[in-house]
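Q: Take a look at the following structure, please.
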Amino acid sequence: MQDPESLGGVTREGGVDHPVHESDSAFIAPETPEIASADQHVLKSGDTFIVNDSQGDITGVDDGLFVNDTRVLSSLRLTFGGRRASLLSGSVSSDNTAFTAHLTNRPLPPLGGSTTPEGVIHVERERVLSGTMMTEAIELTNYGTEEAVVPLSISFASDFRDMFEVRGLKRERQGTVVPPRVEDGEVRLEYIGLDKVARRVRIEFSPTPDKLFADRADFTVALPAQACVSVYLTVAIEVEPLAGAAPDARSAGIIQAPNCLADSKESRVGRAAVRAALVDAHIVMRERRRAAAHVRSSNPLFNAWINRSIADLGLLTTDLPTGPYPYAGIPWFSTPFGRDAIITSLQTLWLAPALASGVLRFLAAHQALEDSAFRDAAVGKIMHEMRKSEMAATGEVPFALYYGGVDSTPLFVVLAGAYAERTGDMSLIDELWPALERAAAWVAGVCERNPLGLLDYKRESEGGLANQGWKDSHDSVFHADGRFPDGPIALVEVQAYASAAFETMAKFATHRGLVEEAARYASRAARIRRCVEDKYWMAESGFYGIALDGHGELCRVLASNAGHLLAFGLPEYERGRAVAGVLESALFHTGWGVRTLAAGQARFNPMAYHNGSVWPHDNALCARGLARYGRKEAAVRLLQALFEAAVTFDMRLPELFCGFPQRRGEPPTAYPVACLPQAWAAGSPFMMLEACLGVSIDATRREVRVEQPMLPDGIDWLEVGDLRVGNATVTLTFRRVDGKVVASADRSDIKVVAVL
């Protein structure tokens, strides 16, 4: 293949054509990446996030700088003499506030002098994301004995692709890419979408580049021996709906360019700008950590896992007008999801109840108030997904505000009940009561239409999701012979959510003096329980089938969905114990965790998204269920397995990983396009730890109940500090004493009740 430098004209990078500037061969990067990076690093701030490789570069494959699900930078590359530097290391800080790469030079071409040898120049890239502005410092240090002249280039481009395009969806039409321009020493990129929204990018540098093109900045850096020189850049984004914008685009609001762009260039681009952005990011993360109890133990590796999980939850949490909200995951799901946020809130409720209040308020504010087949909406449903991208605003995809999830609505009610029990805050329940009644009415209405009184689903439009439980891939629900079921489909775990939702509403109604309503809710819950025991139980397997199809035929498949039944306490005790035994067996347990599907089932594939992989949040719910049915030692083993897996994933559990059995000396196998970080993966250790410690909190009584606590091997003591109980905080300490784990508190006015 010919080198693009020798061809002149145009080269292609990141899906965008770039002019080749003649006589600039020392600056042009001939390398064109064609595959995704195996090692990616992320930063996030609000609705803005960046994904780059270990060198800090953006390749334009599955990475980029995104705002509101639009890729505003599809290429950002640093080269020296036309070549990438050699990587020493690349990482994000422990609190997820900054990315840093350490690089060194390859041999540099002579520019009027001698060649600079390899490995004498250290390059440090420090990148911070604050608001909708990315700031970066590139510091070059010459450890050589002679002056070096370094030809440095920063190339950039934007394809302004919608997130759904980045994920592979083809579009018939696109908006208008305004030709990039160089004005006042900065580069301006702009795109006018089909949604009549202008997306603008401004790129500035300091010092002023020797040459500035519409796709590249060139610097000739004179670097004396034993000296350092810095180059800075700032990328600022502005999103503005124009006249005639789609309603969803206008409701998303305007993202103005940061206020500092009105200030002097010195304050916008330079060391001071990087430091100011870093301070802002630190403050945000520190405040989020203060809102939660802290966990530490005698095991440094376990502490590292816990701290990384807390930092990831802080990174993914966005402060919305309704309160904090955990976005689902980066890169594909950095947006509000209903189910994910509810599960994450349940995982962390005992440590950080404020997160649940923010989630409940947001979901209530976006509850469906009208029917829409296109959006799978019906009055009372809780949203599945919200997108602010161009394709969502124009209706090319139904996800601007999409309701195609069968479980978000009952789980919304369940979370409200758990929050009230954890905090005693009935004022929030009063505020949410109309939304809770609408949600319960929707669940009841669907159950009334089902011949067996179950909560089922069937998508309303072809553009929506075929399967609408948490396993929402097209092939995740099937019969034992592999054929797909006819709808409507009643998933087994969804019945546990629905039953728990009706039980919650019965308690709320009783509290409000609504006696008849309470009895009606309790009756619905009991009917669902009876039907699950009658229709889903497979005596020959000691397990529950995954779903009933539209003909009432059971999908006799062994899947982890049954573990969720245990988590919400639906099965009778002995059947729950039997399910626990199967989940512990080699059919499910890989050594790294429980698979989504038992080995040997039709469509079993340990590399499949939902049909044999290991999902941390699924395991957390299974651990909760195991502990609930008297198998706490199995819950501890599951926590231990996920902890050991986390160690191999640099202490950050991904969205999922492959379900191959554990082999001595080998780590778990990564799933190639898993989100990392993912909110309910980051929240998983906390639900598992809560289950193993047997902790429950009654804020009204100022009481903490601890039921037969256990700790994983290798942990002699564990402390939960600043745990809020009512209007007070307490520190709980769990220690091994004579072969048992004993709990104690640091204050006498908070009662710790040991339950045998």
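In the structure tokens, the first chain shown is A, the next is B, and so on; residue numbers restart at 1 for each chain, and ligands run from 1 in the order shown.
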Just the alpha helix (DSSP H) stuff from region 494-594 of chain A, please, per backbone DSSP, written as a ChimeraX atom specification.

A: /A:494-511,515-535,561-567,573-584

Q: List every residue of region 550-634 of chain A that has an atom at most 6 Å from any atom of region 642-666 of chain A, giving for each one its closest atom pair and the distance in Å to one decimal, counting only C-alpha atoms, sorted by chain and then by ascending residue number, as a Markdown table.

A:
```
| residue | atom | partner | partner_atom | distance |
| --- | --- | --- | --- | --- |
| A:Thr590 | CA | A:Pro661 | CA | 4.4 |
| A:Gly591 | CA | A:Gln662 | CA | 5.1 |
| A:Trp592 | CA | A:Leu642 | CA | 5.9 |
| A:Arg595 | CA | A:Gly659 | CA | 5.9 |
| A:Pro606 | CA | A:Gly659 | CA | 4.3 |
| A:Met607 | CA | A:Cys658 | CA | 5.1 |
| A:Gly612 | CA | A:Gly659 | CA | 5.5 |
| A:Ser613 | CA | A:Gly659 | CA | 4.2 |
| A:Val614 | CA | A:Gly659 | CA | 5.4 |
| A:Trp615 | CA | A:Leu656 | CA | 4.4 |
```

Q: Dump as a tab-separated table the rows for residues of region 238-354 of chain A within 10 Å of region 157-174 of chain A: closest atom pair and distance in Å with one decimal, only C-alpha atoms counted, ordered by chain and rising residue number.

A:
```
residue	atom	partner	partner_atom	distance
A:Pro331	CA	A:Met163	CA	8.9
A:Trp332	CA	A:Met163	CA	7.3
A:Phe333	CA	A:Met163	CA	9.3
```

Q: Just how far from CA of Gln708 (chain A) is CA of Arg577 (chain A), in Å to one decimal?

A: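 These atoms are spaced 17.6 Å apart.
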
Q: Among region 113-299 of chain A, which ones does DSSP place in strand (DSSP E), written as a VMD selection string?

A: chain A and resid 121 to 130 133 to 142 148 to 157 176 to 183 186 to 192 197 to 206 211 to 212 216 to 223 228 to 241 294 to 297

Q: Which residues come within 9 Å of region 715-719 of chain A, counting only C-alpha atoms, excluding same-chain residues fewer than 2 positions away, as a PDB file with C-alpha atoms, in the first residue's frame?

A:
```pdb
ATOM      1  CA  HIS A 294     -17.542   4.700  53.189  1.00  0.00           C
ATOM      2  CA  VAL A 295     -16.290   1.126  53.297  1.00  0.00           C
ATOM      3  CA  ARG A 296     -12.799  -0.055  54.182  1.00  0.00           C
ATOM      4  CA  SER A 297     -11.323  -3.343  55.313  1.00  0.00           C
ATOM      5  CA  SER A 298      -8.141  -5.131  56.329  1.00  0.00           C
ATOM      6  CA  ASN A 299      -7.573  -6.206  52.703  1.00  0.00           C
ATOM      7  CA  PHE A 302     -10.595  -5.373  48.387  1.00  0.00           C
ATOM      8  CA  LEU A 711     -16.904 -11.921  55.451  1.00  0.00           C
ATOM      9  CA  PRO A 712     -14.970 -13.286  52.474  1.00  0.00           C
ATOM     10  CA  ASP A 713     -11.678 -15.069  53.039  1.00  0.00           C
ATOM     11  CA  GLY A 721     -18.347   4.543  58.255  1.00  0.00           C
ATOM     12  CA  THR A 731     -19.770   3.577  62.058  1.00  0.00           C
ATOM     13  CA  LEU A 732     -20.211  -0.188  62.048  1.00  0.00           C
ATOM     14  CA  THR A 733     -17.254  -2.516  62.457  1.00  0.00           C
ATOM     15  CA  PHE A 734     -17.331  -6.214  61.612  1.00  0.00           C
ATOM     16  CA  ARG A 735     -14.556  -8.397  63.078  1.00  0.00           C
ATOM     17  CA  ARG A 736     -13.742 -12.076  63.172  1.00  0.00           C
ATOM     18  CA  VAL A 741     -18.074 -12.290  62.545  1.00  0.00           C
TER      19      VAL A 741
END
```

Q: Would you pick out the contacts of region 219-230 of chain A at 10 Å or less, using only C-alpha atoms, so that residues sharing its chain but fewer than 3 positions from it are not included, and give the list as a ChimeraX atom specification?

A: /A:27,80-81,111,120-125,137-154,206-212,270-271

Q: May I have a table of the residues of region 449-562 of chain A lying at most 8 Å from region 418-441 of chain A, giving each one's closest pair of atoms and their distance in Å to one decimal, counting only C-alpha atoms, ordered by chain and ascending residue number, as JSON lines?

A:
```
{"residue": "A:Ala501", "atom": "CA", "partner": "A:Ala440", "partner_atom": "CA", "distance": 7.5}
{"residue": "A:Phe502", "atom": "CA", "partner": "A:Ala440", "partner_atom": "CA", "distance": 7.2}
{"residue": "A:Met505", "atom": "CA", "partner": "A:Ala440", "partner_atom": "CA", "distance": 7.6}
```

Q: Which of these residues is nearest to Ser684 (chain A), using only C-alpha atoms: A:Arg275, A:Arg747, A:Arg724, A:His617?

A: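 Looking at the shortest contact to Ser684 (chain A), the residue is A:His617.
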
Q: Near region 491-493 of chain A, counting only C-alpha atoms, which residues have an atom at most 9 Å away, once you skip same-chain residues fewer than 2 positions from it, shown as a VMD selection string?

A: chain A and resid 407 455 to 457 469 477 489 495 to 498 532 536 544 to 549 561 to 565 568

Q: Since we have the selection now, will you write its residues out, keeping C-alpha atoms, as a compact mmCIF listing (two decimals), in the first residue's frame?

A:
```txt
# COMPACT_ATOMS: atom_id res chain seq x y z
CA ASP A 407 -39.84 -4.12 34.43
CA LEU A 455 -47.29 -8.99 33.87
CA ASP A 456 -46.32 -9.59 30.24
CA TYR A 457 -45.01 -7.61 27.25
CA GLY A 469 -36.82 -7.51 30.28
CA VAL A 477 -35.95 -15.72 25.48
CA ILE A 489 -44.23 -13.01 27.02
CA GLN A 495 -43.52 -11.51 38.21
CA ALA A 496 -41.36 -11.13 41.33
CA TYR A 497 -41.02 -7.41 40.62
CA ALA A 498 -44.76 -7.06 40.06
CA VAL A 532 -45.59 -18.50 39.51
CA TYR A 536 -43.23 -21.85 36.24
CA TYR A 544 -38.25 -22.18 37.54
CA GLY A 545 -38.62 -21.76 33.76
CA ILE A 546 -37.63 -18.47 32.19
CA ALA A 547 -41.02 -17.37 30.80
CA LEU A 548 -44.55 -18.22 29.72
CA ASP A 549 -45.34 -17.51 26.08
CA ASN A 561 -33.63 -14.98 35.87
CA ALA A 562 -34.81 -17.37 38.57
CA GLY A 563 -32.19 -15.92 40.90
CA HIS A 564 -34.11 -12.64 40.84
CA LEU A 565 -37.14 -14.48 42.24
CA PHE A 568 -37.32 -10.40 45.93
```

Q: Can you tell me how far CA of Gln468 (chain A) sits from CA of Gly405 (chain A), in Å to one decimal?

A: 4.6 Å

Q: What lies within 10 Å of region 127-130 of chain A using only C-alpha atoms, ignoring chain neighbours under 2 positions off, as a compact mmCIF listing (two decimals) with N, CA and C atoms, in the first residue's frame?

A:
```txt
# COMPACT_ATOMS: atom_id res chain seq x y z
N VAL A 42 -11.82 6.50 29.89
CA VAL A 42 -12.96 7.39 29.76
C VAL A 42 -12.94 8.47 30.84
N LEU A 43 -13.46 9.63 30.47
CA LEU A 43 -13.80 10.70 31.40
C LEU A 43 -15.22 11.13 31.08
N LYS A 44 -15.93 11.65 32.06
CA LYS A 44 -17.30 12.10 31.85
C LYS A 44 -17.58 13.33 32.69
N SER A 45 -18.39 14.22 32.14
CA SER A 45 -18.88 15.38 32.88
C SER A 45 -20.26 15.71 32.36
N GLY A 46 -21.28 15.46 33.16
CA GLY A 46 -22.65 15.70 32.71
C GLY A 46 -22.99 14.85 31.50
N THR A 48 -21.45 15.03 28.67
CA THR A 48 -20.26 15.00 27.82
C THR A 48 -19.34 13.89 28.31
N PHE A 49 -18.79 13.11 27.39
CA PHE A 49 -17.80 12.12 27.79
C PHE A 49 -16.81 11.92 26.65
N ILE A 50 -15.64 11.41 27.02
CA ILE A 50 -14.59 11.15 26.04
C ILE A 50 -14.07 9.74 26.26
N GLY A 56 -3.91 8.52 24.62
CA GLY A 56 -4.70 9.74 24.64
C GLY A 56 -5.30 10.08 23.30
N VAL A 92 -6.37 6.64 33.97
CA VAL A 92 -7.24 7.66 34.56
C VAL A 92 -6.98 7.67 36.05
N ASN A 96 -11.21 9.37 38.92
CA ASN A 96 -11.82 9.56 37.59
C ASN A 96 -11.92 11.02 37.16
N THR A 97 -10.99 11.85 37.62
CA THR A 97 -11.04 13.27 37.25
C THR A 97 -10.10 13.64 36.11
N ALA A 98 -9.04 12.86 35.87
CA ALA A 98 -8.06 13.24 34.85
C ALA A 98 -7.47 12.00 34.20
N PHE A 99 -7.16 12.13 32.91
CA PHE A 99 -6.43 11.10 32.18
C PHE A 99 -5.01 11.57 31.99
N THR A 100 -4.05 10.65 32.20
CA THR A 100 -2.63 10.98 32.01
C THR A 100 -1.97 9.87 31.19
N ALA A 101 -1.23 10.28 30.17
CA ALA A 101 -0.42 9.35 29.39
C ALA A 101 1.04 9.76 29.48
N GLU A 124 4.27 13.99 28.53
CA GLU A 124 3.16 13.74 29.44
C GLU A 124 1.93 14.48 28.95
N ARG A 125 0.86 13.74 28.72
CA ARG A 125 -0.43 14.33 28.35
C ARG A 125 -1.36 14.26 29.57
N THR A 132 -18.67 21.16 29.36
CA THR A 132 -18.54 20.76 27.95
C THR A 132 -17.19 21.22 27.38
N MET A 133 -16.20 21.31 28.22
CA MET A 133 -14.87 21.73 27.77
C MET A 133 -13.83 20.68 28.15
N MET A 134 -13.01 20.32 27.17
CA MET A 134 -11.87 19.46 27.40
C MET A 134 -10.61 20.30 27.36
N THR A 135 -9.80 20.20 28.39
CA THR A 135 -8.52 20.91 28.42
C THR A 135 -7.40 19.89 28.53
N GLU A 136 -6.27 20.21 27.89
CA GLU A 136 -5.17 19.26 27.88
C GLU A 136 -3.84 20.00 27.90
N ALA A 137 -2.93 19.45 28.69
CA ALA A 137 -1.55 19.93 28.72
C ALA A 137 -0.64 18.84 28.19
N ILE A 138 0.24 19.20 27.25
CA ILE A 138 1.22 18.27 26.69
C ILE A 138 2.60 18.81 27.06
N TYR A 232 -0.59 23.49 25.02
CA TYR A 232 -1.92 23.33 25.59
C TYR A 232 -2.98 23.41 24.49
N LEU A 233 -4.06 22.68 24.70
CA LEU A 233 -5.20 22.83 23.81
C LEU A 233 -6.49 22.78 24.61
N THR A 234 -7.51 23.43 24.10
CA THR A 234 -8.84 23.43 24.69
C THR A 234 -9.85 23.12 23.59
N VAL A 235 -10.77 22.22 23.88
CA VAL A 235 -11.88 21.90 22.97
C VAL A 235 -13.17 22.26 23.69
N ALA A 236 -13.89 23.23 23.17
CA ALA A 236 -15.14 23.68 23.78
C ALA A 236 -16.30 23.39 22.84
N PRO A 258 -18.68 27.18 27.17
CA PRO A 258 -18.34 27.57 28.53
C PRO A 258 -18.08 29.07 28.66
N ALA A 273 -5.85 27.03 33.03
CA ALA A 273 -7.13 26.46 32.60
C ALA A 273 -7.21 24.98 32.98
N VAL A 274 -6.11 24.26 32.80
CA VAL A 274 -6.09 22.84 33.17
C VAL A 274 -6.28 22.69 34.68
N ARG A 275 -5.60 23.51 35.45
CA ARG A 275 -5.73 23.41 36.91
C ARG A 275 -7.14 23.77 37.36
N ALA A 276 -7.72 24.80 36.77
CA ALA A 276 -9.08 25.19 37.16
C ALA A 276 -10.08 24.07 36.85
N ALA A 277 -9.93 23.44 35.68
CA ALA A 277 -10.82 22.33 35.33
C ALA A 277 -10.62 21.16 36.28
N LEU A 278 -9.37 20.91 36.66
CA LEU A 278 -9.08 19.81 37.57
C LEU A 278 -9.68 20.07 38.95
N VAL A 279 -9.60 21.29 39.41
CA VAL A 279 -10.20 21.65 40.71
C VAL A 279 -11.70 21.43 40.67
N ASP A 280 -12.34 21.89 39.59
CA ASP A 280 -13.79 21.70 39.46
C ASP A 280 -14.16 20.22 39.48
N ALA A 281 -13.41 19.42 38.74
CA ALA A 281 -13.70 17.98 38.68
C ALA A 281 -13.50 17.33 40.05
N VAL A 284 -16.49 18.17 42.39
CA VAL A 284 -17.69 17.38 42.06
C VAL A 284 -17.57 15.97 42.61
```

Q: With a cut-off of 6 Å, could you pull out the residues of region 345-449 of chain A touching region 307-330 of chain A and give me the nearest pair of atoms for each, distance in Å to one decimal, using only C-alpha atoms, ordered by chain and ascending number, as JSON lines?

A:
```
{"residue": "A:Leu355", "atom": "CA", "partner": "A:Pro324", "partner_atom": "CA", "distance": 5.7}
{"residue": "A:Gly358", "atom": "CA", "partner": "A:Gly323", "partner_atom": "CA", "distance": 4.1}
{"residue": "A:Val359", "atom": "CA", "partner": "A:Tyr325", "partner_atom": "CA", "distance": 5.5}
{"residue": "A:Arg361", "atom": "CA", "partner": "A:Thr322", "partner_atom": "CA", "distance": 5.7}
{"residue": "A:Phe362", "atom": "CA", "partner": "A:Thr322", "partner_atom": "CA", "distance": 5.4}
```

Q: Could you dump the residues just selected with C-alpha atoms as a compact mmCIF listing (two decimals), in the first residue's frame?

A:
```
# COMPACT_ATOMS: atom_id res chain seq x y z
CA LEU A 355 -29.19 8.57 44.86
CA GLY A 358 -32.93 11.58 42.67
CA VAL A 359 -33.79 8.58 40.53
CA ARG A 361 -37.99 12.09 41.17
CA PHE A 362 -36.55 11.96 37.65
```

Q: Might you pull out every residue within 8 Å of Ala518 (chain A), with only C-alpha atoms counted and same-chain residues fewer than 3 positions away left off, and present them as a list of chain:residue names?

A: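 Using only C-alpha atoms, the neighbours found are A:Met505, A:Ala506, A:Lys507, A:Phe508, A:Ala509, A:Thr510, A:Leu514, A:Val515, A:Tyr521, A:Ala522.
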
Q: Would you output that residue set with C-alpha atoms, as a PDB file, in the first residue's frame?

A:
```
ATOM      1  CA  MET A 505     -48.460  -0.396  47.354  1.00  0.00           C
ATOM      2  CA  ALA A 506     -50.438  -2.360  49.959  1.00  0.00           C
ATOM      3  CA  LYS A 507     -48.110  -1.040  52.678  1.00  0.00           C
ATOM      4  CA  PHE A 508     -48.333   2.508  51.351  1.00  0.00           C
ATOM      5  CA  ALA A 509     -52.123   2.326  51.102  1.00  0.00           C
ATOM      6  CA  THR A 510     -52.350   1.023  54.664  1.00  0.00           C
ATOM      7  CA  LEU A 514     -56.778   3.308  52.208  1.00  0.00           C
ATOM      8  CA  VAL A 515     -58.003  -0.015  53.544  1.00  0.00           C
ATOM      9  CA  TYR A 521     -53.028  -4.686  46.132  1.00  0.00           C
ATOM     10  CA  ALA A 522     -52.266  -7.527  48.549  1.00  0.00           C
TER      11      ALA A 522
END
```

Q: If you measure from CA of Ala364 (chain A) to CA of Ala377 (chain A), what distance in Å do you get, rounded to one decimal?

A: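 Separating CA of Ala364 (chain A) from CA of Ala377 (chain A) is a distance of 14.2 Å.
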